[in-house]
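J.: If it helps, the file is called start03.txt and holds compact mmCIF, C-alpha atoms and all ligand atoms:
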# COMPACT_ATOMS: atom_id res chain seq x y z
CA ASN A 1 85.29 122.08 109.06
CA GLU A 2 84.85 119.40 111.68
CA ILE A 3 85.24 115.65 111.41
CA LYS A 4 84.56 112.70 113.69
CA VAL A 5 87.16 109.96 113.36
CA PHE A 6 87.09 106.32 114.50
CA CYS A 7 90.61 105.36 115.60
CA PRO A 8 90.92 101.57 115.55
CA ALA A 9 92.70 99.40 118.06
CA THR A 10 95.45 97.32 116.47
CA ILE A 11 97.27 94.08 117.15
CA ALA A 12 100.96 94.40 116.37
CA ASN A 13 103.41 91.55 115.69
CA VAL A 14 100.63 88.93 115.22
CA SER A 15 102.99 86.34 116.75
CA CYS A 16 105.56 85.84 113.99
CA GLY A 17 105.97 89.40 112.67
CA PHE A 18 107.70 91.37 115.42
CA ASP A 19 107.79 95.06 114.44
CA VAL A 20 106.66 94.33 110.87
CA LEU A 21 103.14 92.84 110.92
CA GLY A 22 99.95 94.28 112.35
CA LEU A 23 96.18 94.27 111.95
CA ALA A 24 93.37 96.72 112.67
CA LEU A 25 90.14 95.85 114.48
CA GLU A 26 86.84 96.92 112.99
CA THR A 27 84.82 97.70 116.11
CA VAL A 28 87.24 98.41 118.96
CA GLY A 29 88.81 101.86 119.12
CA ASP A 30 88.74 105.50 120.19
CA GLU A 31 86.89 108.46 118.77
CA MET A 32 88.18 111.87 117.98
CA LEU A 33 86.66 115.19 116.99
CA ILE A 34 88.91 117.39 114.92
CA ARG A 35 88.16 120.89 113.74
CA LYS A 36 89.99 123.47 111.69
CA VAL A 37 90.71 126.71 113.55
CA ASP A 38 92.50 129.95 112.62
CA LYS A 39 94.99 129.76 115.47
CA PRO A 40 98.07 127.96 114.09
CA GLY A 41 99.27 124.73 115.71
CA ILE A 42 97.61 121.72 117.32
CA HIS A 43 95.37 122.37 120.31
CA ILE A 44 94.21 119.37 122.30
CA THR A 45 91.17 120.72 124.07
CA LYS A 46 89.85 117.57 125.70
CA VAL A 47 90.87 114.03 126.59
CA ASP A 48 87.96 111.98 127.86
CA GLY A 49 88.26 108.52 129.42
CA GLN A 50 91.95 108.47 130.35
CA GLU A 51 94.46 110.70 132.12
CA LEU A 52 96.63 111.96 129.29
CA PRO A 53 98.49 115.24 128.83
CA LEU A 54 96.85 118.07 126.89
CA GLU A 55 100.20 119.68 126.01
CA THR A 56 100.78 119.27 122.30
CA ASN A 57 104.37 118.15 122.69
CA LYS A 58 103.55 115.53 125.29
CA ASN A 59 100.52 114.02 123.59
CA VAL A 60 101.12 111.55 120.73
CA ALA A 61 98.22 113.03 118.74
CA GLY A 62 99.82 116.46 119.11
CA VAL A 63 103.25 115.28 118.05
CA ALA A 64 101.92 113.36 115.03
CA GLY A 65 99.75 116.35 114.10
CA LEU A 66 102.72 118.73 114.29
CA ALA A 67 104.71 116.41 111.99
CA LEU A 68 101.91 116.74 109.42
CA LEU A 69 101.61 120.52 109.84
CA GLU A 70 105.32 120.91 109.27
CA LYS A 71 105.02 119.38 105.79
CA SER A 72 101.80 121.16 104.94
CA ASN A 73 101.28 124.58 103.41
CA TYR A 74 98.19 125.17 105.57
CA HIS A 75 98.77 128.10 107.91
CA GLY A 76 95.89 127.61 110.34
CA GLY A 77 95.58 125.04 113.09
CA PHE A 78 93.43 122.24 114.50
CA GLU A 79 91.55 121.57 117.71
CA ILE A 80 91.37 117.94 118.79
CA GLU A 81 89.04 116.26 121.28
CA ILE A 82 90.02 112.70 122.15
CA TYR A 83 87.52 110.16 123.49
CA LYS A 84 89.75 107.34 124.67
CA LYS A 85 88.40 103.88 125.05
CA ILE A 86 91.68 102.03 124.57
CA LYS A 87 93.72 102.04 127.76
CA PRO A 88 97.35 103.14 127.45
CA GLY A 89 99.72 100.24 128.12
CA SER A 90 97.13 97.63 127.14
CA GLY A 91 98.94 96.30 124.07
CA ILE A 92 96.28 97.12 121.51
CA GLY A 93 97.80 100.25 120.08
CA SER A 94 96.47 103.03 122.28
CA SER A 95 99.12 105.52 121.18
CA ALA A 96 98.78 104.46 117.54
CA ALA A 97 95.02 105.08 117.66
CA SER A 98 95.62 108.65 118.85
CA SER A 99 98.46 109.39 116.42
CA THR A 100 96.72 107.98 113.38
CA GLY A 101 93.30 109.41 114.22
CA ALA A 102 94.81 112.89 114.39
CA VAL A 103 96.69 112.78 111.10
CA TRP A 104 93.90 110.93 109.27
CA GLY A 105 91.30 113.50 110.30
CA MET A 106 93.55 116.48 109.59
CA ASN A 107 94.35 115.12 106.14
CA GLU A 108 90.64 114.74 105.40
CA LEU A 109 89.93 118.33 106.49
CA LEU A 110 92.74 119.55 104.22
CA ASN A 111 91.26 117.57 101.26
CA ASN A 112 93.80 114.76 101.39
CA PRO A 113 97.10 116.28 100.33
CA PHE A 114 99.05 113.39 101.91
CA SER A 115 99.27 109.71 100.93
CA LYS A 116 98.65 106.88 103.39
CA LEU A 117 102.38 106.21 103.49
CA GLU A 118 103.04 109.83 104.47
CA LEU A 119 100.36 109.64 107.17
CA VAL A 120 102.08 106.54 108.56
CA LYS A 121 105.36 108.47 108.73
CA PHE A 122 103.73 111.34 110.64
CA ALA A 123 101.99 108.94 113.03
CA MET A 124 105.30 107.14 113.67
CA GLN A 125 106.49 110.34 115.38
CA GLY A 126 103.74 109.77 117.93
CA GLU A 127 104.95 106.19 118.46
CA LYS A 128 108.43 107.50 119.02
CA LEU A 129 107.17 109.75 121.79
CA ALA A 130 105.22 106.87 123.37
CA SER A 131 107.86 104.14 123.29
CA ASN A 132 111.15 105.68 122.10
CA VAL A 133 110.92 103.59 118.93
CA ALA A 134 109.17 104.75 115.75
CA HIS A 135 107.68 101.34 114.98
CA ALA A 136 105.01 101.14 112.26
CA ASP A 137 103.26 97.87 113.04
CA ASN A 138 100.36 99.56 114.88
CA VAL A 139 100.08 102.80 112.92
CA ALA A 140 100.26 101.22 109.46
CA PRO A 141 97.22 98.93 109.89
CA ALA A 142 95.36 101.78 111.63
CA ILE A 143 95.84 103.92 108.50
CA TYR A 144 95.47 101.25 105.78
CA GLY A 145 92.96 98.96 107.54
CA GLY A 146 93.26 95.16 107.68
CA PHE A 147 96.70 93.56 107.83
CA THR A 148 99.84 95.39 106.81
CA LEU A 149 103.47 94.38 106.49
CA ALA A 150 106.24 96.89 107.06
CA ARG A 151 108.57 95.23 104.56
CA SER A 152 111.27 97.82 105.18
CA TYR A 153 111.77 100.77 107.52
CA ASN A 154 114.47 102.50 105.53
CA PRO A 155 113.03 103.40 103.14
CA LEU A 156 109.60 102.85 104.67
CA ASP A 157 107.69 100.30 102.57
CA ILE A 158 104.19 99.33 103.73
CA VAL A 159 102.46 96.41 102.03
CA PRO A 160 98.70 96.04 102.63
CA ILE A 161 97.63 92.39 102.88
CA PRO A 162 94.06 91.22 102.23
CA THR A 163 92.00 89.98 105.17
CA PRO A 164 89.95 86.79 104.83
CA ASN A 165 86.33 87.66 105.46
CA ALA A 166 85.63 85.23 108.29
CA LEU A 167 88.61 86.19 110.42
CA PHE A 168 87.75 87.44 113.92
CA ALA A 169 89.95 88.50 116.81
CA THR A 170 89.38 87.93 120.50
CA VAL A 171 91.44 90.15 122.78
CA ILE A 172 91.67 89.81 126.53
CA HIS A 173 93.29 92.54 128.58
CA PRO A 174 94.40 91.62 132.10
CA GLN A 175 94.01 94.92 133.93
CA ILE A 176 97.65 95.76 134.36
CA GLU A 177 99.69 98.27 132.42
CA VAL A 178 102.85 97.27 130.55
CA LYS A 179 104.80 100.06 128.90
CA THR A 180 106.11 99.17 125.46
CA SER A 181 109.45 100.75 126.37
CA ASP A 182 109.73 98.39 129.38
CA SER A 183 108.71 95.26 127.51
CA ARG A 184 111.28 96.06 124.82
CA LYS A 185 114.04 96.32 127.42
CA ILE A 186 113.76 92.63 128.26
CA LEU A 187 114.30 91.54 124.64
CA LYS A 188 117.61 90.22 123.39
CA THR A 189 119.25 91.97 120.46
CA THR A 190 120.38 88.78 118.74
CA ILE A 191 118.53 85.62 117.69
CA SER A 192 119.75 82.16 116.77
CA LEU A 193 119.71 81.04 113.16
CA GLU A 194 117.52 78.13 114.24
CA ASN A 195 114.84 80.47 115.61
CA GLY A 196 115.21 82.82 112.67
CA ILE A 197 114.40 79.98 110.28
CA LYS A 198 111.27 79.06 112.25
CA GLN A 199 110.14 82.67 112.49
CA TRP A 200 110.48 83.66 108.83
CA GLY A 201 108.96 80.36 107.79
CA ASN A 202 105.91 81.24 109.86
CA LEU A 203 105.79 84.86 108.67
CA GLY A 204 105.82 83.73 105.04
CA GLY A 205 103.21 81.09 105.88
CA LEU A 206 100.93 83.58 107.57
CA VAL A 207 101.10 86.06 104.70
CA ALA A 208 100.47 83.26 102.18
CA GLY A 209 97.59 81.98 104.32
CA LEU A 210 95.98 85.43 104.37
CA PHE A 211 96.23 85.75 100.58
CA ARG A 212 94.92 82.22 100.00
CA GLU A 213 92.24 82.47 102.69
CA ASP A 214 93.70 79.24 104.03
CA TYR A 215 92.64 79.30 107.67
CA GLU A 216 94.61 76.19 108.56
CA LEU A 217 97.80 77.64 107.18
CA ILE A 218 97.10 80.86 109.09
CA GLY A 219 96.69 78.79 112.26
CA ARG A 220 99.87 76.74 111.72
CA SER A 221 101.83 79.94 111.19
CA LEU A 222 100.72 81.75 114.35
CA GLU A 223 103.82 80.85 116.37
CA ASP A 224 106.44 83.07 117.95
CA HIS A 225 109.77 81.48 118.83
CA ILE A 226 111.59 84.69 119.62
CA ILE A 227 109.58 87.27 121.55
CA GLU A 228 106.81 85.32 123.30
CA PRO A 229 109.12 83.18 125.46
CA LEU A 230 110.65 86.36 126.89
CA ARG A 231 107.59 88.56 127.23
CA SER A 232 105.05 86.00 128.37
CA ILE A 233 106.49 86.13 131.90
CA LEU A 234 105.02 89.65 132.22
CA ILE A 235 101.50 88.40 131.55
CA PRO A 236 99.44 86.68 134.26
CA GLY A 237 98.21 83.23 133.24
CA PHE A 238 99.51 83.56 129.70
CA HIS A 239 100.03 79.85 129.06
CA GLN A 240 96.67 78.86 130.56
CA VAL A 241 94.87 81.46 128.46
CA LYS A 242 96.68 80.31 125.33
CA SER A 243 95.85 76.64 125.96
CA ALA A 244 92.19 77.51 126.59
CA ALA A 245 92.03 79.50 123.35
CA ILE A 246 93.51 76.69 121.27
CA GLU A 247 91.39 74.00 122.97
CA ASN A 248 88.29 76.02 122.14
CA GLY A 249 89.01 76.27 118.47
CA ALA A 250 91.17 79.37 118.00
CA LEU A 251 93.43 79.21 114.96
CA GLY A 252 96.22 80.66 117.06
CA CYS A 253 96.91 82.81 120.10
CA GLY A 254 99.73 85.08 121.22
CA ILE A 255 100.73 88.37 122.80
CA SER A 256 99.09 91.45 121.33
CA GLY A 257 101.85 93.94 120.56
CA SER A 258 104.02 94.37 123.61
CA GLY A 259 101.27 93.02 125.91
CA PRO A 260 99.77 92.47 128.37
CA SER A 261 96.71 91.87 126.12
CA ILE A 262 96.51 88.41 124.60
CA PHE A 263 94.89 87.93 121.20
CA ALA A 264 93.43 84.90 119.47
CA LEU A 265 92.31 84.64 115.86
CA SER A 266 89.34 82.47 114.93
CA LYS A 267 87.37 81.55 111.86
CA GLY A 268 83.89 82.96 112.35
CA GLU A 269 82.30 85.02 115.10
CA GLU A 270 80.87 82.05 116.95
CA ASN A 271 84.31 80.55 117.45
CA ALA A 272 85.69 83.91 118.55
CA GLN A 273 82.90 84.14 121.11
CA ARG A 274 83.53 80.65 122.46
CA VAL A 275 87.20 81.52 122.80
CA ALA A 276 86.30 84.74 124.64
CA LEU A 277 84.07 82.89 127.08
CA ASN A 278 86.67 80.26 127.87
CA ILE A 279 89.69 82.51 128.23
CA ALA A 280 87.62 84.78 130.48
CA LYS A 281 86.89 81.70 132.58
CA VAL A 282 90.63 81.14 133.04
CA TYR A 283 91.02 84.64 134.44
CA ASP A 284 87.91 84.22 136.62
CA GLU A 285 89.45 81.06 138.07
CA ILE A 286 92.86 82.52 138.80
CA GLY A 287 91.41 85.82 139.98
CA VAL A 288 92.70 88.25 137.36
CA ASP A 289 90.56 91.27 136.41
CA TYR A 290 90.16 91.64 132.67
CA GLU A 291 88.33 93.19 129.77
CA VAL A 292 87.54 91.09 126.74
CA HIS A 293 86.72 92.21 123.18
CA ILE A 294 85.62 90.43 120.04
CA SER A 295 85.98 92.13 116.67
CA LYS A 296 86.14 91.42 113.02
CA ILE A 297 89.43 92.42 111.43
CA SER A 298 88.79 95.55 109.39
CA ALA A 299 88.84 95.16 105.61
N1 LIG A 301 106.23 95.80 117.71
C1 LIG A 301 106.04 96.57 118.91
C2 LIG A 301 106.56 95.75 120.08
C3 LIG A 301 104.59 96.82 119.08
O1 LIG A 301 106.22 94.57 120.14
O2 LIG A 301 107.30 96.27 120.90
C4 LIG A 301 104.23 97.61 120.30
O3 LIG A 301 102.82 97.77 120.33
Would you encode the structure as structure tokens?
T.:
Amino acid sequence: NEIKVFCPATIANVSCGFDVLGLALETVGDEMLIRKVDKPGIHITKVDGQELPLETNKNVAGVAGLALLEKSNYHGGFEIEIYKKIKPGSGIGSSAASSTGAVWGMNELLNNPFSKLELVKFAMQGEKLASNVAHADNVAPAIYGGFTLARSYNPLDIVPIPTPNALFATVIHPQIEVKTSDSRKILKTTISLENGIKQWGNLGGLVAGLFREDYELIGRSLEDHIIEPLRSILIPGFHQVKSAAIENGALGCGISGSGPSIFALSKGEENAQRVALNIAKVYDEIGVDYEVHISKISA
């Protein structure tokens, strides 16, 4: 009647797939303890590691959990303890980790009445609370693992994409907080046809590269002509970090989700480590505090 859940960090957008593409990390994430209780509803009894509300309606795990309960014929409730390691506003899917961990664990304890697609829909309610937009590009990979494409939002259509085995992510988090809602406000609502052509060329290239395990194609496709030019101004030393990543062998580098974390993808752990070392050096030199992670992409 109790389950321990690993709630992975995720990288949304992956440069060319704003709001549609995302990936889950294998070894970076939160933990959650969920237990079935008689008292109906969702009861968040503990949040460790970060200052987050315990009220069900104000906590993304609570809101996602309530969305599941509403569709379920279970009449009891759940207690949730959250052990947060992912900082809110870091750009690696902190809210998605909480929302998906809750609904994943509850579904397990109820013997899996809901499909992955349904779990994504419940977890999207948590994203809506966090950022005013029910985007799926963090919650879908957190539920499915690996890379996912949200081909359509209405109706919701999630396409899991295979992950080449040697693909590793390096993520550096300059220690500032950027709210997704704020970093969406600076975006334009229209794009030029010229940039559209570049962007969907790259998105198709990246997806093809992942299927073909063609690391060079993956690298060539990791470009963002639409969002990065606008959002990179919010991130200290973004261009220096990106240059250092590419010079040290990363396949590509860009903003993780809505930032401020910056991600790089590399072939092999050794390359990912060299990238980590050298981008950390950039922040050491310009005096920015940071946290850096290396992880395989989950399968
Ligand atoms: N696609 C979303 C955005 C992800 O970039 O705003 C937020 O993590």
J.: Check which residues fall inside 9 Å of ligand LIG 301 (chain A) when counting only C-alpha atoms and all ligand atoms, and print them as a ChimeraX atom specification.
T.: /A:10-13,17-22,89-96,127,131,133,135-138,179-181,183-184,227,255-259
J.: Name all residues at most 10 Å from region 100-110 of chain A (count all atoms listed in the file; drop same-chain ones fewer than 5 positions away) and give them as JSON, numbers by chain.
T.: {"A": [1, 2, 3, 4, 5, 6, 7, 8, 30, 31, 32, 33, 34, 35, 36, 42, 60, 61, 62, 63, 64, 65, 66, 67, 68, 69, 72, 73, 74, 77, 78, 79, 80, 81, 82, 95, 115, 116, 118, 119, 120, 121, 122, 123, 124, 126, 127, 138, 139, 140, 141, 142, 143]}
J.: Just give me the gap between CA of Pro236 (chain A) and CA of Lys296 (chain A) in Å, one decimal is fine.
T.: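 Interatomic distance here is 25.5 Å.
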J.: Any idea what the distance is between CA of Leu206 (chain A) and CA of Leu222 (chain A)?
T.: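 About the pair CA of Leu206 (chain A) and CA of Leu222 (chain A): they are 7.0 Å apart.
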J.: Please return, as a PyMOL selection string, all polymer residues that have at least one atom within 8 Å of the point (96.2, 88.9, 123.7); use all atoms listed in the file and the file's own coordinate frame.
T.: chain A and resi 91+170-173+253-256+259-264
J.: Name the residues in contact with region 199-205 of chain A at a cut-off of 12 Å, using only C-alpha atoms, excluding same-chain residues fewer than 2 positions from it; report them as a ChimeraX atom specification.
T.: /A:13-22,149,151,191-197,207-228
J.: Could you pull out every residue with an atom within 9 Å of (92.9, 105.3, 131.6), file coordinates, counting all atoms listed in the file, and send them as a PDB file with C-alpha atoms, in the frame of the given file?
T.:
ATOM      1  CA  GLY A  49      88.260 108.520 129.420  1.00  0.00           C
ATOM      2  CA  GLN A  50      91.950 108.470 130.350  1.00  0.00           C
ATOM      3  CA  GLU A  51      94.460 110.700 132.120  1.00  0.00           C
ATOM      4  CA  LEU A  52      96.630 111.960 129.290  1.00  0.00           C
ATOM      5  CA  LYS A  84      89.750 107.340 124.670  1.00  0.00           C
ATOM      6  CA  LYS A  85      88.400 103.880 125.050  1.00  0.00           C
ATOM      7  CA  ILE A  86      91.680 102.030 124.570  1.00  0.00           C
ATOM      8  CA  LYS A  87      93.720 102.040 127.760  1.00  0.00           C
ATOM      9  CA  PRO A  88      97.350 103.140 127.450  1.00  0.00           C
TER      10      PRO A  88
END
J.: Might you pull out every residue within 8 Å of Ala169 (chain A), with all atoms listed in the file counted and same-chain residues fewer than 3 positions away left off, and present them as an MDAnalysis selection string?
T.: chainID A and resid 25 263:266 272 294:297
J.: I need the residue nearest Leu251 (chain A) from this list: A:Gly145, A:Gly268, A:Pro155, A:Pro53. Use all atoms listed in the file for the distance.
T.: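 Smallest separation from Leu251 (chain A) among the options: A:Gly268.
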J.: Would you mind telling me which residue in A:Ile161, A:Ala280, A:Leu230, A:Ala150 lies nearest to Ile186 (chain A) when using all atoms listed in the file?
T.: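 Of the candidates, the smallest distance to Ile186 (chain A) is held by A:Leu230.
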J.: Distance CA of Ile235 (chain A)-CA of Pro164 (chain A), one decimal place?
T.: 29.2 Å
